[in-house]
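Enquirer: Coordinates in work-v2.cif, mmCIF, C-alpha atoms and all ligand atoms, are listed below.
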data_coords
#
loop_
_atom_site.label_atom_id
_atom_site.label_comp_id
_atom_site.auth_asym_id
_atom_site.auth_seq_id
_atom_site.Cartn_x
_atom_site.Cartn_y
_atom_site.Cartn_z
CA MET A 173 -15.84 78.41 132.41
CA LYS A 174 -12.25 77.20 131.93
CA GLN A 175 -10.52 78.97 129.01
CA PRO A 176 -9.26 76.60 126.29
CA THR A 177 -5.48 76.09 126.54
CA THR A 178 -3.45 77.91 123.89
CA VAL A 179 -1.18 75.55 121.97
CA ARG A 180 1.63 77.09 119.93
CA GLU A 181 3.51 75.01 117.39
CA TYR A 182 7.29 75.27 116.96
CA ASP A 183 10.07 73.10 115.54
CA VAL A 184 12.08 73.48 118.70
CA VAL A 185 11.46 74.97 122.11
CA ILE A 186 14.40 76.16 124.18
CA VAL A 187 13.93 76.44 127.92
CA GLY A 188 16.10 79.21 129.39
CA ALA A 189 17.90 82.15 127.82
CA GLY A 190 21.35 82.04 129.38
CA PRO A 191 24.49 81.61 127.26
CA ALA A 192 23.49 78.01 126.43
CA GLY A 193 19.88 78.80 125.49
CA MET A 194 20.80 81.79 123.38
CA THR A 195 23.58 79.95 121.57
CA ALA A 196 21.19 77.09 120.86
CA ALA A 197 18.66 79.62 119.54
CA LEU A 198 21.26 81.19 117.29
CA TYR A 199 22.02 77.81 115.72
CA THR A 200 18.45 76.56 115.42
CA GLY A 201 17.49 79.94 113.95
CA ARG A 202 20.29 79.67 111.40
CA ALA A 203 19.01 76.19 110.56
CA MET A 204 15.64 77.84 109.73
CA LEU A 205 13.88 75.99 112.53
CA ARG A 206 10.93 77.78 114.07
CA THR A 207 12.38 78.46 117.49
CA ALA A 208 10.76 79.60 120.73
CA VAL A 209 12.95 80.60 123.66
CA LEU A 210 11.13 80.65 126.99
CA GLU A 211 12.77 82.61 129.78
CA ARG A 212 11.46 83.10 133.32
CA GLY A 213 13.10 86.55 133.61
CA PHE A 214 15.11 88.37 131.00
CA PRO A 215 17.77 87.00 128.63
CA GLY A 216 21.20 86.55 130.20
CA GLY A 217 21.01 83.87 132.88
CA GLU A 218 24.10 83.93 135.09
CA LEU A 219 25.57 86.72 132.93
CA LEU A 220 23.13 89.06 134.64
CA ASN A 221 24.71 88.19 138.02
CA THR A 222 28.22 88.81 136.72
CA GLU A 223 29.70 92.27 136.65
CA TYR A 224 32.61 91.73 134.24
CA LEU A 225 33.84 88.75 132.27
CA ASP A 226 37.36 88.38 130.95
CA ASP A 227 37.25 84.74 129.89
CA VAL A 228 35.12 84.89 126.75
CA PRO A 229 37.27 84.71 123.61
CA GLY A 230 37.09 87.91 121.60
CA PHE A 231 35.99 89.98 124.60
CA PRO A 232 39.02 90.80 126.79
CA LYS A 233 36.71 92.56 129.27
CA ILE A 234 32.95 92.92 128.95
CA LEU A 235 30.08 93.65 131.31
CA GLY A 236 27.84 90.64 131.95
CA HIS A 237 24.64 92.42 130.93
CA GLU A 238 26.34 93.78 127.79
CA LEU A 239 27.34 90.27 126.71
CA ALA A 240 23.80 89.06 127.47
CA GLU A 241 22.38 91.72 125.13
CA LYS A 242 24.82 90.73 122.39
CA PHE A 243 23.85 87.05 122.71
CA ALA A 244 20.13 87.92 122.56
CA THR A 245 20.43 90.35 119.63
CA HIS A 246 22.46 87.80 117.71
CA ALA A 247 19.96 84.96 118.27
CA LYS A 248 16.97 87.17 117.38
CA GLN A 249 18.74 88.21 114.17
CA PHE A 250 18.30 84.63 112.96
CA GLY A 251 14.60 84.55 113.80
CA ALA A 252 14.39 82.99 117.28
CA GLU A 253 11.30 84.24 119.11
CA PHE A 254 11.96 85.16 122.71
CA PHE A 255 9.22 84.92 125.33
CA GLU A 256 10.46 86.83 128.37
CA THR A 257 8.99 86.58 131.87
CA THR A 258 7.59 83.24 130.77
CA GLY A 259 8.43 80.62 133.36
CA VAL A 260 8.23 76.99 132.33
CA ALA A 261 6.32 74.65 134.60
CA SER A 262 7.04 71.35 132.83
CA VAL A 263 8.43 69.69 129.72
CA THR A 264 6.61 66.46 128.96
CA LYS A 265 7.07 63.99 126.11
CA MET A 266 3.63 62.99 124.83
CA PRO A 267 2.70 59.56 123.42
CA ASP A 268 2.84 60.97 119.85
CA GLY A 269 6.53 61.90 120.34
CA TYR A 270 5.93 65.66 120.57
CA PHE A 271 6.98 67.65 123.61
CA HIS A 272 4.53 69.80 125.46
CA THR A 273 6.36 72.61 127.22
CA GLU A 274 3.83 74.12 129.55
CA THR A 275 4.33 77.60 130.91
CA GLU A 276 3.38 78.76 134.39
CA ASN A 277 0.46 80.56 132.70
CA GLY A 278 -0.83 77.30 131.29
CA GLU A 279 0.15 77.92 127.66
CA ILE A 280 1.52 74.94 125.77
CA PHE A 281 4.40 75.10 123.29
CA ARG A 282 4.39 71.95 121.16
CA SER A 283 7.53 70.78 119.34
CA PRO A 284 9.21 67.58 118.18
CA ALA A 285 12.41 68.50 120.04
CA THR A 286 13.30 70.60 123.03
CA ILE A 287 16.56 71.92 124.39
CA VAL A 288 16.55 72.46 128.13
CA THR A 289 19.14 75.00 129.29
CA SER A 290 17.65 75.94 132.63
CA GLY A 291 21.06 76.03 134.33
CA GLY A 292 21.82 75.53 137.95
CA THR A 293 21.66 77.54 141.11
CA PRO A 294 24.53 78.00 143.52
CA ILE A 295 23.21 77.56 147.03
CA LYS A 296 23.18 80.91 148.79
CA LEU A 297 24.20 81.66 152.37
CA GLY A 298 21.11 83.74 152.86
CA ILE A 299 22.87 86.45 154.89
CA PRO A 300 22.27 90.21 154.70
CA GLY A 301 24.29 91.90 151.95
CA GLU A 302 24.93 88.68 150.01
CA LEU A 303 22.58 89.43 147.14
CA GLU A 304 23.14 93.18 147.34
CA TYR A 305 26.89 92.72 146.72
CA ALA A 306 26.61 89.82 144.22
CA GLY A 307 28.85 90.85 141.33
CA LYS A 308 30.29 93.64 143.54
CA GLY A 309 32.48 91.42 145.69
CA VAL A 310 30.29 88.36 146.23
CA SER A 311 30.82 85.58 143.71
CA TYR A 312 29.91 81.94 143.19
CA CYS A 313 32.58 81.22 140.56
CA ALA A 314 36.31 81.56 141.21
CA ILE A 315 37.37 80.68 137.66
CA CYS A 316 35.10 83.48 136.39
CA ASP A 317 35.99 86.17 138.90
CA ALA A 318 39.35 85.43 140.58
CA ALA A 319 41.25 87.75 138.25
CA PHE A 320 39.23 90.72 139.53
CA PHE A 321 40.75 90.24 143.01
CA LYS A 322 44.46 90.68 142.23
CA GLN A 323 46.42 91.44 145.41
CA GLN A 324 43.20 91.65 147.45
CA VAL A 325 42.06 89.82 150.57
CA VAL A 326 39.13 87.48 149.96
CA ALA A 327 37.03 85.06 152.01
CA VAL A 328 35.76 81.67 150.88
CA VAL A 329 32.88 79.96 152.69
CA GLY A 330 32.44 76.18 152.55
CA GLY A 331 34.25 73.02 153.49
CA GLY A 332 33.69 70.71 150.54
CA ASP A 333 35.76 69.96 147.43
CA ALA A 334 34.62 73.12 145.68
CA ALA A 335 35.57 75.44 148.55
CA CYS A 336 39.02 73.87 148.99
CA GLU A 337 39.77 73.69 145.28
CA GLU A 338 38.60 77.23 144.58
CA ALA A 339 40.37 78.69 147.63
CA ASP A 340 43.58 77.21 146.27
CA PHE A 341 42.83 78.63 142.80
CA LEU A 342 42.09 82.08 144.22
CA THR A 343 45.60 82.36 145.68
CA ARG A 344 46.88 82.77 142.11
CA TYR A 345 45.43 86.28 142.28
CA ALA A 346 44.48 87.21 145.83
CA SER A 347 47.14 88.24 148.35
CA LYS A 348 45.36 86.30 151.11
CA VAL A 349 42.44 83.85 151.24
CA TYR A 350 40.50 83.12 154.43
CA LEU A 351 38.67 79.81 154.20
CA ILE A 352 35.73 79.92 156.58
CA HIS A 353 34.08 76.68 157.62
CA ARG A 354 31.24 76.10 160.07
CA ARG A 355 32.79 72.95 161.58
CA ASN A 356 36.32 71.98 162.63
CA GLU A 357 36.94 69.54 159.79
CA PHE A 358 36.47 69.64 156.05
CA ARG A 359 34.33 67.22 154.10
CA ALA A 360 36.58 67.76 151.07
CA SER A 361 38.78 64.94 149.77
CA LYS A 362 42.09 64.57 151.62
CA ILE A 363 44.17 65.65 148.64
CA LEU A 364 42.27 68.92 148.22
CA GLN A 365 42.48 69.55 151.96
CA GLN A 366 46.23 69.00 151.79
CA HIS A 367 46.54 71.60 149.01
CA VAL A 368 44.79 74.05 151.32
CA PHE A 369 47.00 73.25 154.33
CA ASP A 370 50.15 73.47 152.19
CA ASN A 371 49.24 76.84 150.71
CA PRO A 372 50.82 79.66 152.75
CA LYS A 373 48.34 82.20 151.37
CA ILE A 374 45.32 80.34 152.84
CA GLU A 375 44.28 80.72 156.46
CA VAL A 376 41.47 78.47 157.66
CA ILE A 377 38.97 79.88 160.14
CA TRP A 378 37.19 76.94 161.79
CA ASP A 379 33.82 76.73 163.56
CA THR A 380 32.77 80.03 162.08
CA VAL A 381 29.88 81.31 160.04
CA ALA A 382 29.49 84.44 157.92
CA GLU A 383 26.74 86.70 159.21
CA LYS A 384 26.73 89.81 157.03
CA VAL A 385 28.43 91.29 153.99
CA GLU A 386 29.42 94.91 154.60
CA GLY A 387 30.03 97.31 151.77
CA ASN A 388 29.47 100.51 149.97
CA PRO A 389 26.79 100.37 147.26
CA GLN A 390 29.02 102.42 144.93
CA THR A 391 32.38 100.74 145.43
CA GLY A 392 31.34 97.23 146.52
CA MET A 393 32.07 94.88 149.39
CA THR A 394 34.39 96.08 152.17
CA GLY A 395 34.16 93.37 154.82
CA LEU A 396 32.53 90.23 156.16
CA ARG A 397 31.03 89.88 159.63
CA LEU A 398 31.93 86.55 161.21
CA HIS A 399 30.75 84.61 164.23
CA ASN A 400 32.72 81.85 165.92
CA LEU A 401 30.21 79.26 167.08
CA ILE A 402 32.45 77.91 169.86
CA THR A 403 33.85 81.08 171.44
CA GLN A 404 30.86 83.24 170.41
CA LYS A 405 33.34 85.89 169.26
CA ARG A 406 32.01 88.21 166.55
CA TRP A 407 34.29 90.33 164.36
CA LEU A 408 34.63 92.09 161.01
CA LEU A 409 37.04 90.54 158.55
CA ASP A 410 38.58 93.05 156.14
CA ALA A 411 37.93 91.40 152.78
CA THR A 412 36.82 92.81 149.43
CA GLY A 413 35.65 89.48 148.07
CA LEU A 414 33.44 86.63 149.26
CA PHE A 415 33.30 83.37 147.32
CA VAL A 416 30.49 81.09 148.41
CA PHE A 417 30.88 77.34 147.73
CA ILE A 418 28.29 75.54 149.80
CA GLY A 419 26.81 73.43 146.98
CA PHE A 420 25.07 73.83 143.62
CA ARG A 421 21.70 72.54 142.39
CA PRO A 422 20.94 71.75 138.75
CA ASN A 423 17.55 73.18 137.72
CA THR A 424 16.08 69.96 136.38
CA GLY A 425 12.69 70.29 138.06
CA VAL A 426 10.90 71.15 134.80
CA ILE A 427 11.74 67.84 133.13
CA ALA A 428 8.77 65.55 133.64
CA GLY A 429 9.37 61.82 133.71
CA HIS A 430 12.48 59.78 134.32
CA PHE A 431 15.80 60.87 132.85
CA GLU A 432 19.27 59.52 133.58
CA HIS A 433 21.37 61.66 135.88
CA ASP A 434 24.49 61.42 138.00
CA VAL A 435 24.54 61.17 141.80
CA MET A 436 24.36 64.96 142.12
CA GLY A 437 21.29 65.15 139.85
CA TYR A 438 23.05 66.54 136.76
CA VAL A 439 21.59 65.30 133.47
CA LEU A 440 23.61 62.65 131.65
CA THR A 441 23.71 63.04 127.88
CA ASP A 442 25.26 61.32 124.91
CA SER A 443 27.90 63.11 122.82
CA ALA A 444 25.11 64.90 120.90
CA MET A 445 23.77 66.38 124.17
CA MET A 446 20.66 64.20 124.00
CA SER A 447 19.33 63.02 127.37
CA SER A 448 17.91 59.56 127.93
CA ILE A 449 14.57 61.00 126.75
CA PRO A 450 14.83 60.94 122.93
CA GLY A 451 14.40 64.45 121.49
CA LEU A 452 15.14 66.15 124.79
CA PHE A 453 18.55 67.81 124.59
CA VAL A 454 20.29 69.66 127.39
CA ALA A 455 23.15 72.16 127.43
CA GLY A 456 24.92 74.25 130.01
CA ASP A 457 25.01 74.08 133.79
CA LEU A 458 22.43 71.34 134.31
CA ARG A 459 24.44 68.83 132.27
CA ALA A 460 26.85 66.41 133.97
CA GLN A 461 30.30 67.60 132.95
CA LEU A 462 33.70 68.69 134.23
CA THR A 463 33.23 72.44 134.20
CA ARG A 464 30.57 75.13 133.89
CA GLN A 465 31.69 78.13 131.88
CA VAL A 466 30.09 80.45 129.29
CA THR A 467 32.30 78.90 126.64
CA THR A 468 31.42 75.31 127.52
CA ALA A 469 27.71 76.16 127.78
CA SER A 470 27.89 77.67 124.29
CA GLY A 471 29.83 74.68 123.00
CA ASP A 472 27.29 72.20 124.39
CA ALA A 473 24.47 74.29 123.00
CA THR A 474 25.99 74.38 119.52
CA THR A 475 26.15 70.61 119.50
CA ALA A 476 22.63 70.30 120.97
CA ALA A 477 21.14 72.63 118.34
CA ILE A 478 22.77 70.89 115.41
CA ALA A 479 21.82 67.47 116.78
CA ALA A 480 18.25 68.66 117.42
CA ASP A 481 18.02 69.79 113.79
CA LYS A 482 19.02 66.29 112.62
CA TYR A 483 16.57 64.73 115.07
CA ILE A 484 13.69 66.93 113.86
CA THR A 485 14.42 66.08 110.23
CA ARG A 486 14.26 62.37 111.03
CA PHE A 487 11.19 62.82 113.23
CA LYS A 488 9.29 64.62 110.46
CA GLU A 489 10.38 62.06 107.88
CA MET A 490 9.06 59.29 110.13
CA GLU A 491 5.83 61.17 110.66
CA ARG A 492 5.44 61.84 106.90
CA THR A 493 5.96 58.19 105.99
CA ASN A 494 3.96 57.09 109.02
CA SER A 495 6.87 54.82 109.79
CA THR A 496 6.70 52.51 112.76
CA ASP A 497 9.62 50.54 111.44
CA ALA A 498 11.88 49.53 114.36
CA SER A 499 15.17 50.48 112.69
CA THR A 500 13.92 53.98 111.77
CA ARG A 501 12.67 54.47 115.29
CA SER A 502 15.93 53.30 116.80
CA ALA A 503 17.88 55.63 114.45
CA LEU A 504 15.71 58.47 115.72
CA GLU A 505 16.20 57.59 119.31
CA SER A 506 19.98 57.40 119.12
CA SER A 507 20.88 60.89 118.05
CA HIS A 508 24.48 59.83 117.70
CA VAL A 509 26.82 61.23 115.18
CA SER A 510 26.71 59.16 112.03
CA ALA A 511 29.77 58.16 110.04
CA GLY A 512 29.50 61.37 108.06
CA GLY A 513 29.50 63.35 111.29
CA TYR A 514 27.69 66.54 112.13
CA THR A 515 29.24 69.69 110.80
P1 LIG A 601 29.47 69.89 149.20
O1 LIG A 601 30.41 68.74 149.09
O2 LIG A 601 28.03 69.61 149.46
O3 LIG A 601 30.04 70.80 150.40
C1 LIG A 601 29.32 71.91 150.83
C2 LIG A 601 30.09 72.53 151.99
O4 LIG A 601 29.43 73.72 152.35
C3 LIG A 601 30.15 71.63 153.21
O5 LIG A 601 31.40 71.72 153.80
C4 LIG A 601 29.08 72.23 154.12
O6 LIG A 601 29.41 72.16 155.48
C5 LIG A 601 29.13 73.69 153.74
N1 LIG A 601 27.85 74.34 153.91
C6 LIG A 601 26.64 73.94 153.46
N2 LIG A 601 25.69 74.83 153.79
C7 LIG A 601 26.31 75.82 154.47
C8 LIG A 601 25.88 77.01 155.07
N3 LIG A 601 24.61 77.39 155.04
N4 LIG A 601 26.79 77.78 155.69
C9 LIG A 601 28.09 77.42 155.73
N5 LIG A 601 28.58 76.30 155.18
C10 LIG A 601 27.69 75.50 154.54
O7 LIG A 601 29.50 70.86 147.93
P2 LIG A 601 30.66 71.17 146.86
O8 LIG A 601 31.95 71.42 147.54
O9 LIG A 601 30.10 72.19 145.96
O10 LIG A 601 30.80 69.83 146.06
C11 LIG A 601 29.64 69.28 145.40
C12 LIG A 601 30.04 67.95 144.72
O11 LIG A 601 30.93 68.24 143.66
C13 LIG A 601 30.75 67.02 145.68
O12 LIG A 601 30.36 65.71 145.40
C14 LIG A 601 32.18 67.20 145.34
O13 LIG A 601 32.95 66.05 145.62
C15 LIG A 601 32.11 67.53 143.84
N6 LIG A 601 33.27 68.37 143.46
C16 LIG A 601 34.42 67.74 143.16
C17 LIG A 601 35.54 68.48 142.85
C18 LIG A 601 36.83 67.77 142.55
O14 LIG A 601 36.86 66.56 142.68
N7 LIG A 601 37.85 68.44 142.16
C19 LIG A 601 35.48 69.89 142.87
C20 LIG A 601 34.28 70.50 143.19
C21 LIG A 601 33.17 69.72 143.51
P3 LIG A 601 29.34 70.75 156.27
O15 LIG A 601 30.56 70.02 155.85
O16 LIG A 601 29.36 71.19 157.72
O17 LIG A 601 28.06 70.10 155.89
#
How does the structure come out when it is put into structure tokens?
Ligand code: NAP
Expert:
Amino acid sequence: MKQPTTVREYDVVIVGAGPAGMTAALYTGRAMLRTAVLERGFPGGELLNTEYLDDVPGFPKILGHELAEKFATHAKQFGAEFFETTGVASVTKMPDGYFHTETENGEIFRSPATIVTSGGTPIKLGIPGELEYAGKGVSYCAICDAAFFKQQVVAVVGGGDAACEEADFLTRYASKVYLIHRRNEFRASKILQQHVFDNPKIEVIWDTVAEKVEGNPQTGMTGLRLHNLITQKRWLLDATGLFVFIGFRPNTGVIAGHFEHDVMGYVLTDSAMMSSIPGLFVAGDLRAQLTRQVTTASGDATTAAIAADKYITRFKEMERTNSTDASTRSALESSHVSAGGYT
């Protein structure tokens, strides 16, 4: 016989426990909202794939997993309940206005508002050594990690805007940047290509793919095996860093139903981080925005949490008064900052 589904009631459910999710939890906890944080693995998100960070204010240099622990401890201190190894299958807005966040185990977390912070995933090359040396030479974020490669030789793989832009950025620190592309022309915009061609520290290697990351498990990456697809030549490039920029996918698959997004699939929000689904807020890497950093994820999440608190207050007021009044409903559905502002 099918077991009855467990339904747990919360004020707000947060999907994901990266920097955005944990910041949101800190703020909703401080607002005395009953908060559930659902995380597929363990708290930290991309921080767990980052060895050191030196771009978080107040922490000149900190290990990624150490910062993740600090974020989690801080959020729990204000009462947020963390559910680890709890993957979310779907977030669905029900006809009564509540969200049902269903886990992969079939449990349902019911709440008037939800904050989705499920991040994004850099597309991987899928070559041997790539995951083994992630955070030990292999990176997917030049802004985060370039400073760790001062006066070193690094390789960048990709031929789009990100690869060209980040290769250029990396030359601020690296002594030499090899830009490796599988074809003999870039798909990047002409201006970004020109920056690459004008930069004496960048050498482009055309028609070539990376085959294997070599390294020493203690000290990190030591080289990159390459294969020229035209000449069939294979060789080992001496490089201590590999930056992979072959695309990025926002993890929006859990959001059931239509939501507005940009051409790349990133979720569009209003200034209060509310998506086109009223009550569904997003923060961090899955949101359409200029940049994706720990600080911006935390900033978005702060706004999302405070806006969600306002939304929940209005939602409960509407429910208490059984209001179907159009103006109340429209006030609820536009989370926007009122004249008094959110503080
Ligand atoms: P992208 O435009 O999709 O380019 C991905 C690049 O990676 C392509 O050159 C592709 O090669 C290559 N690639 C894909 N799979 C590969 C594999 N398995 N092995 C080796 N190479 C592989 O991705 P993106 O550069 O991340 O940019 C994503 C979007 O963000 C774009 O719309 C871009 O315009 C935008 N963006 C804009 C800026 C800016 O304006 N400053 C900066 C960053 C990103 P092929 O060319 O052979 O397919």
Enquirer: Taking the point (19.6, 72.5, 148.4) as given in the file, collect each protein or nucleic acid residue that comes within 10 Å of it, counting all atoms listed in the file, and present the set as a ChimeraX atom specification.
Expert: /A:293-296,418-422
Enquirer: Using all atoms listed in the file, which residues have at least one atom no more than 8 Å from ligand LIG 601 (chain A)? Output them as number ranges by chain.
Expert: A: 295-298, 329-337, 353-355, 357-361, 364, 381-382, 417-420, 436
Enquirer: Please save C-alpha atoms of the selected residues as a compact mmCIF listing (two decimals), keeping the file's coordinate frame.
Expert:
# COMPACT_ATOMS: atom_id res chain seq x y z
CA ILE A 295 23.21 77.56 147.03
CA LYS A 296 23.18 80.91 148.79
CA LEU A 297 24.20 81.66 152.37
CA GLY A 298 21.11 83.74 152.86
CA VAL A 329 32.88 79.96 152.69
CA GLY A 330 32.44 76.18 152.55
CA GLY A 331 34.25 73.02 153.49
CA GLY A 332 33.69 70.71 150.54
CA ASP A 333 35.76 69.96 147.43
CA ALA A 334 34.62 73.12 145.68
CA ALA A 335 35.57 75.44 148.55
CA CYS A 336 39.02 73.87 148.99
CA GLU A 337 39.77 73.69 145.28
CA HIS A 353 34.08 76.68 157.62
CA ARG A 354 31.24 76.10 160.07
CA ARG A 355 32.79 72.95 161.58
CA GLU A 357 36.94 69.54 159.79
CA PHE A 358 36.47 69.64 156.05
CA ARG A 359 34.33 67.22 154.10
CA ALA A 360 36.58 67.76 151.07
CA SER A 361 38.78 64.94 149.77
CA LEU A 364 42.27 68.92 148.22
CA VAL A 381 29.88 81.31 160.04
CA ALA A 382 29.49 84.44 157.92
CA PHE A 417 30.88 77.34 147.73
CA ILE A 418 28.29 75.54 149.80
CA GLY A 419 26.81 73.43 146.98
CA PHE A 420 25.07 73.83 143.62
CA MET A 436 24.36 64.96 142.12
Enquirer: What is the atom CA of Gly236 of chain A-atom CA of Gly216 of chain A distance in Å, reported with one decimal?
Expert: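 Rounded to one decimal, the two atoms are 8.0 Å apart.
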Enquirer: What's around Ser262 of chain A at 9 Å? Count only C-alpha atoms, leave out sequence neighbours fewer than 2 positions away in its own chain, and write the answer as a list in words.
Expert: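 Near Ser262 of chain A, the qualifying residues are Val260, Thr264, His272, Thr273, Glu274, Thr275, Glu276, Gly425, Val426, Ile427 and Ala428 of chain A.
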Enquirer: Quick one, how far is atom CA of Thr441 of chain A from atom CA of Ile484 of chain A?
Expert: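 That distance, rounded to one decimal, is 17.7 Å.
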Enquirer: Write out as a list in words each polymer residue whose atoms come within 8 Å of segment 279-285 of chain A, counting all atoms listed in the file; drop sequence neighbours fewer than 6 positions from it.
Expert: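 After dropping sequence-adjacent residues, the list is Thr177, Thr178, Val179, Arg180, Glu181, Tyr182, Asp183, Val184, Val185, Gly269, Tyr270, Phe271, His272, Thr273, Gly451, Leu452, Phe453, Ala480, Tyr483, Ile484 and Phe487 of chain A.
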Enquirer: In terms of the shortest atom-to-atom distance over only C-alpha atoms, which of A:Ala346, A:Ser290, A:Trp378, A:Lys308 is closest to Val439 of chain A?
Expert: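 Of A:Ala346, A:Ser290, A:Trp378, A:Lys308, the one nearest Val439 of chain A, counting only C-alpha atoms, is A:Ser290.
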Enquirer: Can you work out the spacing between atom CA of Leu408 of chain A and atom CA of Leu396 of chain A in Å, to one decimal?
Expert: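 Between these atoms lies a distance of 5.6 Å.
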Enquirer: Which residues of segment 379-468 of chain A sit at most 12 Å from segment 190-207 of chain A, using all atoms listed in the file? Give each one's shortest atom pair and distance in Å (one decimal place), in chain and ascending residue order, as a tab-separated table.
Expert:
residue	atom	partner	partner_atom	distance
A:Met445	CA	A:Ala196	CA	11.5
A:Phe453	CA	A:Ala196	CA	10.3
A:Val454	CA	A:Ala192	CA	9.0
A:Ala455	CA	A:Ala192	CA	5.9
A:Gly456	CA	A:Ala192	CA	5.4
A:Asp457	CA	A:Ala192	CA	8.5
A:Leu458	CA	A:Ala192	CA	10.4
A:Arg459	CA	A:Ala192	CA	10.9
A:Arg464	CA	A:Ala192	CA	10.7
A:Gln465	CA	A:Pro191	CA	9.2
A:Val466	CA	A:Pro191	CA	6.1
A:Thr467	CA	A:Pro191	CA	8.3
A:Thr468	CA	A:Ala192	CA	8.4
Enquirer: Go through A:Asn423, A:Gly309, A:Ala261, A:Asp442 and flag the residue nearest Thr391 of chain A, using all atoms listed in the file for the distances.
Expert: A:Gly309
Enquirer: List as a list in words the residues having at least one atom at most 10 Å from position (16.3, 59.8, 126.0) as given in the file, counting only C-alpha atoms.
Expert: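 All residues meeting the 10 Å criterion around (16.3, 59.8, 126.0) are His430, Phe431, Glu432, Leu440, Thr441, Asp442, Met446, Ser447, Ser448, Ile449, Pro450, Gly451, Leu452, Phe453, Glu505, Ser506 and Ser507 of chain A.
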